[in-house]
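Q: Have a peek at protein_14.pdb (PDB, C-alpha atoms, pLDDT in the B column).
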```pdb
ATOM      1  CA  MET E 238       0.000   0.000   0.000  1.00 81.00           C
ATOM      2  CA  ASN E 239       1.464   3.382  -0.906  1.00 88.00           C
ATOM      3  CA  LYS E 240       2.176   6.085   1.669  1.00 87.00           C
ATOM      4  CA  ARG E 241      -0.664   8.372   0.593  1.00 90.00           C
ATOM      5  CA  TRP E 242      -3.206   5.660   1.372  1.00 93.00           C
ATOM      6  CA  LYS E 243      -1.544   4.966   4.712  1.00 93.00           C
ATOM      7  CA  TYR E 244      -1.584   8.669   5.578  1.00 92.00           C
ATOM      8  CA  GLY E 245      -5.215   8.967   4.501  1.00 92.00           C
ATOM      9  CA  LEU E 246      -6.336   5.943   6.504  1.00 93.00           C
ATOM     10  CA  SER E 247      -4.353   7.156   9.529  1.00 92.00           C
ATOM     11  CA  GLY E 248      -6.067  10.545   9.273  1.00 90.00           C
ATOM     12  CA  ALA E 249      -9.456   8.856   8.939  1.00 92.00           C
ATOM     13  CA  ALA E 250      -8.802   6.848  12.110  1.00 92.00           C
ATOM     14  CA  ALA E 251      -7.800  10.025  13.961  1.00 89.00           C
ATOM     15  CA  GLY E 252     -10.918  11.806  12.698  1.00 85.00           C
ATOM     16  CA  LEU E 253     -13.148   8.921  13.751  1.00 89.00           C
ATOM     17  CA  VAL E 254     -11.719   8.874  17.269  1.00 87.00           C
ATOM     18  CA  SER E 255     -11.866  12.660  17.505  1.00 81.00           C
ATOM     19  CA  GLY E 256     -15.480  12.746  16.355  1.00 77.00           C
ATOM     20  CA  LEU E 257     -16.621   9.909  18.610  1.00 82.00           C
ATOM     21  CA  PHE E 258     -14.903  11.094  21.759  1.00 80.00           C
ATOM     22  CA  GLY E 259     -14.631  14.851  21.221  1.00 68.00           C
ATOM     23  CA  GLY E 260     -10.853  14.638  20.903  1.00 73.00           C
ATOM     24  CA  GLY E 261      -8.064  12.159  21.310  1.00 81.00           C
ATOM     25  CA  GLY E 262      -7.273  11.658  17.651  1.00 83.00           C
ATOM     26  CA  GLY E 263      -3.594  12.170  18.411  1.00 84.00           C
ATOM     27  CA  THR E 264      -3.565   9.056  20.573  1.00 86.00           C
ATOM     28  CA  VAL E 265      -4.309   7.117  17.393  1.00 89.00           C
ATOM     29  CA  LEU E 266      -2.477   9.259  14.861  1.00 91.00           C
ATOM     30  CA  VAL E 267       0.986   9.429  16.430  1.00 90.00           C
ATOM     31  CA  PRO E 268       1.371   5.640  16.788  1.00 91.00           C
ATOM     32  CA  LEU E 269       0.029   5.098  13.251  1.00 92.00           C
ATOM     33  CA  LEU E 270       2.363   7.691  11.767  1.00 92.00           C
ATOM     34  CA  THR E 271       5.430   6.374  13.565  1.00 92.00           C
ATOM     35  CA  GLY E 272       4.695   2.652  13.311  1.00 92.00           C
ATOM     36  CA  TRP E 273       2.701   2.060  10.145  1.00 92.00           C
ATOM     37  CA  CYS E 274       3.814   5.059   8.071  1.00 92.00           C
ATOM     38  CA  LYS E 275       7.427   5.031   9.380  1.00 92.00           C
ATOM     39  CA  THR E 276       7.400   8.779  10.077  1.00 92.00           C
ATOM     40  CA  GLU E 277      10.149  10.150  12.327  1.00 91.00           C
ATOM     41  CA  GLN E 278       8.828  10.743  15.866  1.00 87.00           C
ATOM     42  CA  LYS E 279       9.130  14.538  16.044  1.00 88.00           C
ATOM     43  CA  ARG E 280       7.668  14.948  12.560  1.00 91.00           C
ATOM     44  CA  ALA E 281       4.763  12.693  13.588  1.00 91.00           C
ATOM     45  CA  PHE E 282       4.035  14.875  16.624  1.00 87.00           C
ATOM     46  CA  ALA E 283       4.195  18.065  14.538  1.00 88.00           C
ATOM     47  CA  ASN E 284       1.995  16.602  11.789  1.00 89.00           C
ATOM     48  CA  CYS E 285      -0.431  15.397  14.425  1.00 88.00           C
ATOM     49  CA  VAL E 286      -0.908  18.935  15.738  1.00 85.00           C
ATOM     50  CA  ALA E 287      -1.516  20.207  12.208  1.00 87.00           C
ATOM     51  CA  VAL E 288      -4.116  17.484  11.579  1.00 86.00           C
ATOM     52  CA  ILE E 289      -5.867  17.543  14.950  1.00 83.00           C
ATOM     53  CA  PHE E 290      -6.605  21.284  14.905  1.00 84.00           C
ATOM     54  CA  PRO E 291      -9.064  21.158  11.982  1.00 86.00           C
ATOM     55  CA  LEU E 292     -10.523  17.864  13.242  1.00 81.00           C
ATOM     56  CA  CYS E 293     -11.242  19.411  16.633  1.00 79.00           C
ATOM     57  CA  ALA E 294     -12.713  22.516  14.999  1.00 83.00           C
ATOM     58  CA  LEU E 295     -15.027  20.364  12.877  1.00 83.00           C
ATOM     59  CA  SER E 296     -16.038  18.246  15.877  1.00 79.00           C
ATOM     60  CA  ALA E 297     -16.715  21.408  17.899  1.00 79.00           C
ATOM     61  CA  VAL E 298     -19.034  22.746  15.193  1.00 84.00           C
ATOM     62  CA  ILE E 299     -20.909  19.441  15.045  1.00 83.00           C
ATOM     63  CA  TYR E 300     -21.230  19.287  18.838  1.00 79.00           C
ATOM     64  CA  LEU E 301     -22.332  22.941  18.867  1.00 82.00           C
ATOM     65  CA  LEU E 302     -25.082  22.236  16.328  1.00 86.00           C
ATOM     66  CA  ARG E 303     -26.233  18.926  17.800  1.00 86.00           C
ATOM     67  CA  THR E 304     -25.881  19.336  21.559  1.00 82.00           C
ATOM     68  CA  GLY E 305     -26.157  23.059  22.185  1.00 74.00           C
ATOM     69  CA  LEU E 306     -22.565  23.416  23.386  1.00 74.00           C
ATOM     70  CA  ARG E 307     -22.142  26.810  25.008  1.00 78.00           C
ATOM     71  CA  LEU E 308     -18.914  28.477  23.913  1.00 77.00           C
ATOM     72  CA  VAL E 309     -18.916  30.683  27.028  1.00 85.00           C
ATOM     73  CA  THR E 310     -18.620  27.524  29.135  1.00 84.00           C
ATOM     74  CA  ALA E 311     -15.622  26.361  27.086  1.00 82.00           C
ATOM     75  CA  LEU E 312     -13.813  29.727  27.188  1.00 86.00           C
ATOM     76  CA  PRO E 313     -11.678  29.058  30.313  1.00 91.00           C
ATOM     77  CA  TYR E 314     -10.512  25.753  28.803  1.00 88.00           C
ATOM     78  CA  LEU E 315      -9.749  27.493  25.533  1.00 86.00           C
ATOM     79  CA  VAL E 316      -7.630  30.143  27.243  1.00 92.00           C
ATOM     80  CA  GLY E 317      -5.771  27.500  29.258  1.00 93.00           C
ATOM     81  CA  GLY E 318      -5.352  25.329  26.174  1.00 89.00           C
ATOM     82  CA  LEU E 319      -3.918  28.218  24.174  1.00 90.00           C
ATOM     83  CA  ALA E 320      -1.440  28.990  26.947  1.00 94.00           C
ATOM     84  CA  GLY E 321      -0.467  25.320  27.263  1.00 92.00           C
ATOM     85  CA  GLY E 322      -0.171  24.969  23.489  1.00 88.00           C
ATOM     86  CA  PHE E 323       2.120  27.982  23.331  1.00 92.00           C
ATOM     87  CA  VAL E 324       4.391  26.665  26.086  1.00 94.00           C
ATOM     88  CA  GLY E 325       4.340  23.152  24.619  1.00 90.00           C
ATOM     89  CA  GLY E 326       5.233  24.503  21.178  1.00 88.00           C
ATOM     90  CA  LYS E 327       8.186  26.396  22.640  1.00 91.00           C
ATOM     91  CA  LEU E 328       9.387  23.319  24.549  1.00 91.00           C
ATOM     92  CA  PHE E 329       8.889  20.934  21.605  1.00 87.00           C
ATOM     93  CA  GLY E 330      12.210  21.750  19.955  1.00 86.00           C
ATOM     94  CA  LYS E 331      14.087  21.468  23.249  1.00 92.00           C
ATOM     95  CA  VAL E 332      12.814  18.053  24.372  1.00 91.00           C
ATOM     96  CA  SER E 333      14.587  15.011  22.947  1.00 92.00           C
ATOM     97  CA  THR E 334      12.637  12.412  20.994  1.00 88.00           C
ATOM     98  CA  PRO E 335      13.037   9.684  23.642  1.00 91.00           C
ATOM     99  CA  TRP E 336      11.590  12.010  26.295  1.00 93.00           C
ATOM    100  CA  LEU E 337       8.710  13.035  24.033  1.00 87.00           C
ATOM    101  CA  ARG E 338       7.932   9.354  23.541  1.00 86.00           C
ATOM    102  CA  ARG E 339       8.035   8.695  27.296  1.00 92.00           C
ATOM    103  CA  ILE E 340       5.862  11.680  28.177  1.00 91.00           C
ATOM    104  CA  PHE E 341       3.332  10.737  25.494  1.00 86.00           C
ATOM    105  CA  GLY E 342       3.305   7.145  26.764  1.00 89.00           C
ATOM    106  CA  VAL E 343       2.666   8.277  30.341  1.00 94.00           C
ATOM    107  CA  PHE E 344      -0.313  10.344  29.202  1.00 88.00           C
ATOM    108  CA  LEU E 345      -1.689   7.414  27.204  1.00 87.00           C
ATOM    109  CA  VAL E 346      -1.357   5.018  30.134  1.00 92.00           C
ATOM    110  CA  TYR E 347      -2.835   7.537  32.569  1.00 92.00           C
ATOM    111  CA  GLY E 348      -5.802   8.202  30.298  1.00 86.00           C
ATOM    112  CA  GLY E 349      -6.366   4.505  29.635  1.00 87.00           C
ATOM    113  CA  VAL E 350      -6.304   3.545  33.296  1.00 93.00           C
ATOM    114  CA  ARG E 351      -8.545   6.454  34.211  1.00 90.00           C
ATOM    115  CA  TYR E 352     -11.157   5.481  31.625  1.00 84.00           C
ATOM    116  CA  LEU E 353     -11.095   1.832  32.648  1.00 92.00           C
ATOM    117  CA  LEU E 354     -11.672   2.697  36.313  1.00 88.00           C
TER     118      LEU E 354
END
```
Using structure tokens, write down the structure that the file contains.

A:
Amino acid sequence: MNKRWKYGLSGAAAGLVSGLFGGGGGTVLVPLLTGWCKTEQKRAFANCVAVIFPLCALSAVIYLLRTGLRLVTALPYLVGGLAGGFVGGKLFGKVSTPWLRRIFGVFLVYGGVRYLL
């Protein structure tokens, strides 16, 4: 299978997860990009951010139209998320790939255990 198909299917999986759960597409996309598509780790993280932003925006619009999401309620999270995204973007180039992998793994395990309990 050529790389374009792999990238497309990986994006579709991320979109499906993001749409179903209101986010979390990166938990699917990063492992698919690094494992199946053989993308270098840091590039996979960067591409993931570029892909997840429009997916989250689309999901937010759908949730807004279907569930009556109130943007005022989400504003504090948005402000905090923007601040965290800015700091994370600044740190991204300074953190080594092995540490990025470890940190990402810890978040995945934490989230998985939390959802199971």

Q: Just how far from atom CA of E:Leu266 is atom CA of E:Val254, in Å to one decimal?

A: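 The value is 9.6 Å.
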
Q: Figure out the distance between atom CA of E:Gly256 and atom CA of E:Arg338, please, to one decimal in Å.

A: 24.7 Å

Q: Check the smallest atom-to-atom distance from each of E:Gly245, E:Thr304, E:Thr310, E:Pro335 to E:Glu277 using all atoms listed in the file, then report the winner.

A: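 Smallest distance to E:Glu277 is found for E:Pro335.
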
Q: Just how far from atom CA of E:Leu270 is atom CA of E:Gly322, in Å to one decimal?

A: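 Spanning atom CA of E:Gly322 to atom CA of E:Leu270 is a straight-line distance of 21.0 Å.
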
Q: Which stretch 253-278 of chain E residues have any atom within 12 Å of an atom of stretch 295-300 of chain E, and for each, what is the nearest pair of atoms with distance in Å to one decimal, counting all atoms listed in the file, rows sorted by chain and number, as CSV?

A:
```
residue,atom,partner,partner_atom,distance
E:Leu253,CA,E:Ser296,CA,10.0
E:Val254,CA,E:Ser296,CA,10.4
E:Ser255,CA,E:Ser296,CA,7.2
E:Gly256,CA,E:Ser296,CA,5.5
E:Leu257,CA,E:Ser296,CA,8.8
E:Phe258,CA,E:Ser296,CA,9.3
E:Gly259,CA,E:Ser296,CA,6.5
E:Gly260,CA,E:Ser296,CA,8.1
E:Gly261,CA,E:Ser296,CA,11.4
E:Gly262,CA,E:Ser296,CA,11.1
```

Q: What's the 10 Å shell around E:Arg280, counting all atoms listed in the file, without same-chain residues fewer than 4 positions away, as an MDAnalysis selection string?

A: chainID E and resid 267 270:271 276 284:286

Q: Using the file's own x, y and z axes, what box holds all listed atoms of stretch 307-317 of chain E with 8 Å on each side, keeping edges along x, y and z, and what are its centre and edge lengths in Å to one decimal, as JSON?

A:
```
{"center_x": -14.0, "center_y": 28.2, "center_z": 27.1, "size_x": 32.4, "size_y": 20.9, "size_z": 22.4}
```

Q: Nearest to E:Gly330 among E:Val265, E:Cys274, E:Ala283, E:Met238, with distances taken over all atoms listed in the file: which residue is it?

A: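 Closest candidate: E:Ala283.
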
Q: From the set E:Gly248, E:Lys240, E:Tyr352, E:Ser333, which residue has the shortest atom-to-atom contact distance to E:Ile289, counting all atoms listed in the file?

A: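 Among the listed residues, E:Gly248 lies closest to E:Ile289.
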
Q: So, counting only C-alpha atoms, which residue among E:Phe341, E:Val309, E:Lys243, E:Ala249 is closest to E:Gly272?

A: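 Closest residue, counting only C-alpha atoms: E:Lys243.
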
Q: Let me make sure I understand: among E:Gly317, E:Trp273, E:Leu308, E:Gly263, which one has the smallest atom-to-atom distance to E:Trp242 if we use only C-alpha atoms?

A: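 Nearest candidate to E:Trp242 out of E:Gly317, E:Trp273, E:Leu308, E:Gly263: E:Trp273.
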